[in-house]
>>> print(open('final.cif').read())   # mmCIF, C-alpha atoms (C1' of nucleotides)
data_start
#
loop_
_atom_site.label_atom_id
_atom_site.label_comp_id
_atom_site.auth_asym_id
_atom_site.auth_seq_id
_atom_site.Cartn_x
_atom_site.Cartn_y
_atom_site.Cartn_z
CA MET A 1 108.64 97.72 99.61
CA THR A 2 109.64 101.41 99.38
CA PRO A 3 109.91 102.50 95.74
CA PHE A 4 112.56 105.01 96.70
CA GLY A 5 115.57 102.95 95.72
CA SER A 6 114.32 101.80 92.35
CA HIS A 7 113.23 105.34 91.53
CA ILE A 8 116.73 106.61 92.22
CA ARG A 9 118.22 103.86 90.15
CA GLU A 10 115.95 104.64 87.22
CA LEU A 11 116.74 108.33 87.39
CA ARG A 12 120.45 107.66 87.56
CA GLU A 13 120.45 105.12 84.73
CA ALA A 14 118.39 107.45 82.56
CA ARG A 15 121.04 110.09 83.12
CA ALA A 16 123.82 107.59 82.50
CA ALA A 17 122.28 106.68 79.16
CA LEU A 18 122.39 110.31 78.04
CA GLU A 19 125.67 111.59 79.40
CA THR A 20 128.80 110.18 80.95
CA GLY A 21 129.68 110.45 84.64
CA TYR A 22 126.59 108.90 86.16
CA SER A 23 127.94 105.55 87.26
CA LEU A 24 126.92 104.52 90.76
CA ARG A 25 130.46 105.13 91.96
CA LYS A 26 130.73 108.61 90.44
CA VAL A 27 127.38 109.76 91.80
CA ALA A 28 128.15 108.27 95.20
CA HIS A 29 131.42 110.17 95.26
CA ARG A 30 129.79 113.47 94.29
CA ILE A 31 127.08 113.26 96.93
CA GLY A 32 129.62 112.14 99.51
CA VAL A 33 128.73 108.55 100.38
CA GLU A 34 130.39 105.19 99.83
CA PRO A 35 129.52 103.35 96.61
CA ALA A 36 128.53 100.23 98.55
CA TYR A 37 126.02 102.31 100.49
CA LEU A 38 124.43 103.91 97.44
CA SER A 39 124.22 100.45 95.89
CA LYS A 40 122.27 99.19 98.88
CA VAL A 41 120.06 102.27 98.86
CA GLU A 42 119.17 101.80 95.19
CA ARG A 43 118.28 98.17 95.74
CA GLY A 44 116.32 98.84 98.89
CA VAL A 45 118.65 96.68 100.97
CA VAL A 46 118.84 99.52 103.48
CA PRO A 47 116.24 102.19 104.26
CA PRO A 48 116.39 105.52 102.42
CA PRO A 49 119.22 107.82 103.51
CA SER A 50 119.08 111.01 105.57
CA GLU A 51 117.32 114.16 104.45
CA GLU A 52 120.65 115.76 103.64
CA THR A 53 121.77 112.91 101.41
CA ILE A 54 118.37 112.79 99.72
CA SER A 55 118.63 116.51 98.98
CA LYS A 56 121.99 116.00 97.32
CA LEU A 57 120.57 113.13 95.29
CA ALA A 58 117.67 115.33 94.22
CA GLU A 59 119.97 118.05 92.96
CA GLU A 60 122.32 115.56 91.36
CA LEU A 61 119.53 113.77 89.50
CA GLY A 62 117.35 116.78 88.76
CA GLU A 63 114.38 115.57 90.74
CA ASP A 64 112.08 117.57 93.04
CA ARG A 65 113.42 117.50 96.56
CA ASP A 66 110.02 117.29 98.25
CA VAL A 67 108.92 114.48 95.96
CA LEU A 68 112.05 112.45 96.66
CA LEU A 69 111.66 113.01 100.39
CA ALA A 70 108.04 111.90 100.17
CA LEU A 71 109.10 108.70 98.42
CA ALA A 72 111.47 108.14 101.32
CA GLY A 73 108.60 108.59 103.78
CA LYS A 74 109.95 111.91 105.01
CA VAL A 75 109.01 115.58 105.06
CA SER A 76 111.65 118.27 104.78
CA ARG A 77 112.67 120.03 107.96
CA ASP A 78 111.80 123.47 106.65
CA LEU A 79 108.20 122.45 106.01
CA MET A 80 107.98 120.98 109.50
CA GLU A 81 109.37 124.22 110.85
CA ILE A 82 106.62 126.19 109.09
CA ILE A 83 103.96 124.00 110.73
CA ARG A 84 105.74 124.20 114.05
CA GLN A 85 105.41 127.99 114.01
CA ARG A 86 101.60 127.86 113.86
CA PRO A 87 100.56 124.30 114.61
CA GLY A 88 96.91 125.07 115.18
CA LEU A 89 96.29 126.82 111.90
CA PHE A 90 98.35 124.62 109.62
CA ALA A 91 97.11 121.40 111.20
CA GLN A 92 93.58 122.56 110.40
CA ILE A 93 94.37 123.42 106.79
CA LEU A 94 96.16 120.15 106.13
CA ARG A 95 93.47 117.98 107.71
CA GLN A 96 90.76 119.85 105.84
CA LEU A 97 92.54 119.42 102.52
CA ARG A 98 93.50 115.81 103.08
CA ASP A 99 90.57 114.41 101.11
CA ALA A 100 90.08 117.33 98.75
CA PRO A 101 90.73 116.55 95.07
CA ASP A 102 93.88 117.90 93.46
CA HIS A 103 92.09 120.61 91.52
CA ALA A 104 90.57 122.03 94.69
CA VAL A 105 93.98 122.13 96.37
CA LEU A 106 95.44 123.73 93.28
CA ARG A 107 92.75 126.38 93.38
CA ILE A 108 93.90 127.24 96.91
CA VAL A 109 97.50 127.36 95.78
CA ARG A 110 96.67 129.86 93.07
CA GLU A 111 94.41 131.86 95.29
CA VAL A 112 97.10 132.21 97.91
CA ARG A 113 99.72 133.07 95.31
CA ASP A 114 97.58 135.85 93.85
CA GLY A 115 95.99 136.80 97.14
CA GLU A 116 96.68 140.18 98.65
CA TRP A 117 96.75 140.52 102.40
CA MET B 118 116.16 125.91 126.32
CA THR B 119 113.03 124.15 125.06
CA PRO B 120 109.96 125.45 126.90
CA PHE B 121 108.30 122.07 126.56
CA GLY B 122 109.15 120.78 130.01
CA SER B 123 108.17 123.87 131.97
CA HIS B 124 104.93 124.09 130.03
CA ILE B 125 104.06 120.53 131.00
CA ARG B 126 104.94 121.22 134.58
CA GLU B 127 102.75 124.30 134.68
CA LEU B 128 99.82 122.47 133.15
CA ARG B 129 100.19 119.60 135.56
CA GLU B 130 100.56 121.80 138.63
CA ALA B 131 97.56 123.86 137.60
CA ARG B 132 95.58 120.63 137.47
CA ALA B 133 97.01 119.46 140.76
CA ALA B 134 95.88 122.68 142.40
CA LEU B 135 92.29 122.06 141.32
CA GLU B 136 91.83 118.35 141.74
CA THR B 137 93.66 115.44 143.31
CA GLY B 138 95.55 112.78 141.38
CA TYR B 139 97.92 114.97 139.42
CA SER B 140 101.15 114.33 141.26
CA LEU B 141 104.10 113.70 138.99
CA ARG B 142 104.07 110.04 139.99
CA LYS B 143 100.37 109.54 139.31
CA VAL B 144 100.49 111.21 135.92
CA ALA B 145 103.64 109.29 135.00
CA HIS B 146 101.91 106.06 135.92
CA ARG B 147 98.81 106.87 133.86
CA ILE B 148 100.75 107.78 130.74
CA GLY B 149 102.98 104.77 131.18
CA VAL B 150 106.43 106.12 131.98
CA GLU B 151 108.68 106.08 135.02
CA PRO B 152 108.32 109.00 137.47
CA ALA B 153 112.04 109.73 137.28
CA TYR B 154 111.71 110.13 133.52
CA LEU B 155 108.74 112.50 133.67
CA SER B 156 110.61 114.49 136.29
CA LYS B 157 113.53 114.90 133.93
CA VAL B 158 111.22 115.77 131.05
CA GLU B 159 109.50 118.50 133.05
CA ARG B 160 112.82 120.02 134.06
CA GLY B 161 114.26 119.79 130.56
CA VAL B 162 117.06 117.52 131.75
CA VAL B 163 116.26 115.21 128.84
CA PRO B 164 114.77 116.10 125.45
CA PRO B 165 110.99 115.92 124.99
CA PRO B 166 109.56 112.39 124.82
CA SER B 167 108.25 110.50 121.81
CA GLU B 168 105.18 111.53 119.84
CA GLU B 169 103.16 108.80 121.49
CA THR B 170 104.06 109.88 125.00
CA ILE B 171 103.42 113.51 124.11
CA SER B 172 99.96 112.57 122.82
CA LYS B 173 99.14 110.86 126.09
CA LEU B 174 100.36 113.91 128.00
CA ALA B 175 98.17 116.13 125.82
CA GLU B 176 95.08 114.09 126.57
CA GLU B 177 95.95 113.77 130.24
CA LEU B 178 96.50 117.51 130.67
CA GLY B 179 93.80 118.74 128.29
CA GLU B 180 96.19 120.47 125.93
CA ASP B 181 96.10 120.57 122.13
CA ARG B 182 98.16 117.71 120.74
CA ASP B 183 99.59 119.64 117.80
CA VAL B 184 100.57 122.55 120.03
CA LEU B 185 102.35 120.29 122.46
CA LEU B 186 104.16 118.51 119.64
CA ALA B 187 105.19 121.87 118.21
CA LEU B 188 106.64 122.89 121.57
CA ALA B 189 108.62 119.66 121.43
CA GLY B 190 109.93 120.57 117.98
CA LYS B 191 107.89 117.86 116.31
CA VAL B 192 105.05 117.47 113.84
CA SER B 193 102.52 114.69 114.19
CA ARG B 194 102.90 111.69 111.91
CA ASP B 195 99.44 112.04 110.43
CA LEU B 196 100.16 115.58 109.23
CA MET B 197 103.42 114.40 107.70
CA GLU B 198 101.51 111.62 106.00
CA ILE B 199 99.11 114.13 104.46
CA ILE B 200 102.02 116.09 103.00
CA ARG B 201 103.70 112.89 101.87
CA GLN B 202 100.66 112.03 99.76
CA ARG B 203 100.95 115.19 97.66
CA PRO B 204 104.33 116.73 98.42
CA GLY B 205 104.33 119.14 95.49
CA LEU B 206 101.03 120.80 96.28
CA PHE B 207 101.30 120.98 100.04
CA ALA B 208 104.90 122.13 99.98
CA GLN B 209 103.77 125.04 97.81
CA ILE B 210 100.89 125.99 100.08
CA LEU B 211 102.99 125.87 103.23
CA ARG B 212 105.87 127.87 101.77
CA GLN B 213 103.48 130.46 100.39
CA LEU B 214 101.71 130.86 103.72
CA ARG B 215 104.89 130.89 105.79
CA ASP B 216 105.06 134.66 105.99
CA ALA B 217 101.36 135.40 105.67
CA PRO B 218 99.76 136.98 108.74
CA ASP B 219 97.50 134.86 110.91
CA HIS B 220 94.31 136.47 109.67
CA ALA B 221 95.14 135.63 106.06
CA VAL B 222 95.80 132.01 106.99
CA LEU B 223 92.58 131.95 108.96
CA ARG B 224 90.70 133.23 105.93
CA ILE B 225 92.02 130.26 103.98
CA VAL B 226 90.98 127.90 106.76
CA ARG B 227 87.43 129.22 106.67
CA GLU B 228 87.31 129.30 102.93
CA VAL B 229 88.38 125.68 102.71
CA ARG B 230 85.97 124.66 105.43
CA ASP B 231 83.01 126.27 103.66
CA GLY B 232 84.29 125.59 100.18
CA GLU B 233 82.47 123.20 97.87
CA TRP B 234 84.48 121.17 95.42
"C1'" DC C 235 145.86 90.91 77.12
"C1'" DG C 236 145.76 93.60 81.33
"C1'" DG C 237 144.55 97.55 83.99
"C1'" DA C 238 140.74 100.47 85.19
"C1'" DA C 239 136.15 100.93 86.20
"C1'" DT C 240 131.78 98.83 87.69
"C1'" DG C 241 128.42 97.06 91.07
"C1'" DT C 242 127.97 94.34 95.32
"C1'" DG C 243 128.52 91.19 99.79
"C1'" DT C 244 130.04 91.14 104.58
"C1'" DA C 245 131.34 93.09 108.74
"C1'" DC C 246 131.59 96.71 111.61
"C1'" DT C 247 130.63 101.38 113.96
"C1'" DA C 248 129.20 105.99 115.81
"C1'" DT C 249 125.48 108.73 117.28
"C1'" DG C 250 120.81 109.57 118.62
"C1'" DT C 251 116.32 108.27 120.69
"C1'" DA C 252 113.56 106.96 124.34
"C1'" DG C 253 113.39 105.41 127.81
"C1'" DT C 254 114.08 101.80 132.68
"C1'" DA C 255 115.71 100.55 137.43
"C1'" DC C 256 116.74 101.68 141.84
"C1'" DA C 257 118.03 104.23 145.58
"C1'" DC C 258 117.52 108.37 148.27
"C1'" DA C 259 115.93 112.53 150.93
"C1'" DG C 260 112.24 115.52 152.18
"C1'" DT C 261 107.03 116.03 153.22
"C1'" DT C 262 102.67 114.70 154.68
"C1'" DA C 263 99.08 112.37 157.09
"C1'" DA C 264 96.97 108.75 160.45
"C1'" DT D 265 106.08 108.51 164.75
"C1'" DT D 266 106.06 105.82 161.27
"C1'" DA D 267 104.24 104.60 156.95
"C1'" DA D 268 103.15 106.35 152.60
"C1'" DC D 269 103.78 109.59 149.21
"C1'" DT D 270 106.51 113.16 146.88
"C1'" DG D 271 110.16 114.57 143.51
"C1'" DT D 272 114.87 113.58 141.96
"C1'" DG D 273 120.01 111.85 141.12
"C1'" DT D 274 122.81 108.20 139.04
"C1'" DA D 275 123.65 104.44 136.19
"C1'" DC D 276 122.44 101.71 132.67
"C1'" DT D 277 120.10 99.79 128.31
"C1'" DA D 278 117.57 98.49 123.91
"C1'" DC D 279 116.74 99.84 119.45
"C1'" DA D 280 117.01 102.85 115.39
"C1'" DT D 281 119.59 105.68 112.18
"C1'" DA D 282 123.03 106.49 108.94
"C1'" DG D 283 126.34 105.30 107.46
"C1'" DT D 284 132.06 103.36 106.65
"C1'" DA D 285 135.76 100.02 105.26
"C1'" DC D 286 137.39 96.54 102.52
"C1'" DA D 287 137.35 92.74 99.71
"C1'" DC D 288 135.51 90.52 95.65
"C1'" DA D 289 133.93 89.19 90.99
"C1'" DT D 290 132.70 90.97 86.67
"C1'" DT D 291 132.97 93.90 82.56
"C1'" DC D 292 134.82 97.31 79.62
"C1'" DC D 293 138.20 99.15 76.55
"C1'" DG D 294 142.85 100.91 74.68
#
>>> encode(input="final.cif", output="structure tokens")
Amino acid sequence: MTPFGSHIRELREARAALETGYSLRKVAHRIGVEPAYLSKVERGVVPPPSEETISKLAEELGEDRDVLLALAGKVSRDLMEIIRQRPGLFAQILRQLRDAPDHAVLRIVREVRDGEW
Amino acid sequence: MTPFGSHIRELREARAALETGYSLRKVAHRIGVEPAYLSKVERGVVPPPSEETISKLAEELGEDRDVLLALAGKVSRDLMEIIRQRPGLFAQILRQLRDAPDHAVLRIVREVRDGEW
DNA sequence: CGGAATGTGTACTATGTAGTACACAGTTAA
DNA sequence: TTAACTGTGTACTACATAGTACACATTCCG
């Protein structure tokens, strides 16, 4: 049901089509897991791996770490830590922006980036 | 080391001083855990409880849910879900605001609240 | 052809999470 | 003064997480 596995497989096979060294076994070895495990992950036989393993996959396959984590139903620890520092404020912001359209959220992103405080 | 337990204990004892029915046993019973367990939680003998139990404690003791979760080193599932929906955008906002002072973050909160999109 | 590389099935395991169950000693109240 | 209520120590447990280990059948290619 989670599209995580198939996404990984597509990314890896796209890479494999372009350059050598992206067989399941090779990638598994580079990110430090058993081939059988990566196989099961890609087919969705087992749930998505740990945050650490997902991060390695992201780097290996050139995908955004936060996006890959989101596909796995997770949120990176450093983002959680940011919220944890000021739970009241960030909880408010997130809940307020939950239903805002992308362009509105993007406006905030830019505003904050350019904002002077 | 986590101040979660002592915070809970202080909240509960403050309540107990004002009105009856806030003994450790009574509260434990209302939130649906064993007294021995709540005792260990309050003393930090065991790690903070699950999100669900923390939520019940928050309601029971009149404390902000997100604050209590933060003290427990957690972030509520619904906030994680919001990030998970648009990981790219929200990851940017959070990382940009990580080091911003409270008043700047508060300005954003107000701006978003009053903002029309 | 034959050895290397490929993906996969089955079985097992270590660690963490979130508690329960019960007994016990001290305190309080009728 | 005894019955109920208080907090706590010890032992145990169910379930989830995040994998490993090894064998196996195919496919590729030199």
>>> resolve_selection(input="final.cif", expression="the PyMOL selection byres ((chain C) within 8 of (chain A))", output="list in words")
DT240, DG241 and DT242 of chain C
>>> residues_around(input="final.cif", residues="region 79-91 of chain A", least_positions_apart="2", cutoff="12 Å", atoms="all atoms listed in the file", output="PyMOL selection string")
(chain A and resi 65-66+69+74-77+93-98) or (chain B and resi 180-201+204-205+207-227)
>>> interface_residues(input="final.cif", of="chain D", to="chain B", cutoff="10 Å", atoms="only C-alpha atoms (C1' of nucleotides)", output="mmCIF file with C-alpha atoms (C1' of nucleotides), keeping the file's coordinate frame")
data_model
loop_
_atom_site.group_PDB
_atom_site.id
_atom_site.type_symbol
_atom_site.label_atom_id
_atom_site.label_comp_id
_atom_site.auth_asym_id
_atom_site.auth_seq_id
_atom_site.Cartn_x
_atom_site.Cartn_y
_atom_site.Cartn_z
ATOM 1 C "C1'" DC D 269 103.780 109.590 149.210
ATOM 2 C "C1'" DT D 270 106.510 113.160 146.880
ATOM 3 C "C1'" DG D 271 110.160 114.570 143.510
ATOM 4 C "C1'" DT D 272 114.870 113.580 141.960
ATOM 5 C "C1'" DG D 273 120.010 111.850 141.120
#
>>> residues_around(input="final.cif", residues="DA255 (chain C)", least_positions_apart="5", cutoff="10 Å", atoms="all atoms listed in the file", output="mmCIF file with C-alpha atoms (C1' of nucleotides), keeping the file's coordinate frame")
data_model
loop_
_atom_site.group_PDB
_atom_site.id
_atom_site.type_symbol
_atom_site.label_atom_id
_atom_site.label_comp_id
_atom_site.auth_asym_id
_atom_site.auth_seq_id
_atom_site.Cartn_x
_atom_site.Cartn_y
_atom_site.Cartn_z
ATOM 1 C CA GLU B 151 108.680 106.080 135.020
ATOM 2 C CA ALA B 153 112.040 109.730 137.280
ATOM 3 C "C1'" DA D 275 123.650 104.440 136.190
ATOM 4 C "C1'" DC D 276 122.440 101.710 132.670
#
>>> resolve_selection(input="final.cif", expression="the PyMOL selection byres ((chain D and resi 281) around 8)", output="ChimeraX atom specification")
/C:250 /D:280,282
>>> residues_near_point(input="final.cif", point="(96.9, 120.5, 131.6)", cutoff="10 Å", atoms="only C-alpha atoms (C1' of nucleotides)", output="list in words")
His124, Ile125, Arg126, Glu127, Leu128, Arg129, Glu130, Ala131, Arg132, Ala133, Tyr139, Leu174, Ala175, Glu176, Glu177, Leu178, Gly179, Glu180 and Asp181 of chain B
>>> atom_distance(input="final.cif", atom1="CA of Phe121 (chain B)", atom2="CA of Val158 (chain B)")
8.3 Å
>>> atom_distance(input="final.cif", atom1="CA of Lys56 (chain A)", atom2="CA of Ser167 (chain B)")
28.6 Å
>>> atom_distance(input="final.cif", atom1="CA of Gly21 (chain A)", atom2="C1' of DC292 (chain D)")
15.0 Å
>>> resolve_selection(input="final.cif", expression="the PyMOL selection byres ((chain C and resi 248) around 9)", output="PyMOL selection string")
(chain C and resi 247+249) or (chain D and resi 283)
>>> write_last_selection(input="final.cif", atoms="C-alpha atoms (C1' of nucleotides)", output="mmCIF file, in the frame of the given file")
data_model
loop_
_atom_site.group_PDB
_atom_site.id
_atom_site.type_symbol
_atom_site.label_atom_id
_atom_site.label_comp_id
_atom_site.auth_asym_id
_atom_site.auth_seq_id
_atom_site.Cartn_x
_atom_site.Cartn_y
_atom_site.Cartn_z
ATOM 1 C "C1'" DT C 247 130.630 101.380 113.960
ATOM 2 C "C1'" DT C 249 125.480 108.730 117.280
ATOM 3 C "C1'" DG D 283 126.340 105.300 107.460
#
>>> closest_residue(input="final.cif", among="B:Ile171, B:Gly232, B:Thr119, B:Gly161", to="chain A", atoms="only C-alpha atoms")
B:Gly232
>>> residues_around(input="final.cif", residues="DC246 (chain C)", least_positions_apart="6", cutoff="12 Å", atoms="only C-alpha atoms (C1' of nucleotides)", output="count of residues only")
4
>>> closest_residue(input="final.cif", among="B:Val150, B:Arg160, B:Pro166, B:Asp231", to="chain A", atoms="all atoms listed in the file")
B:Asp231
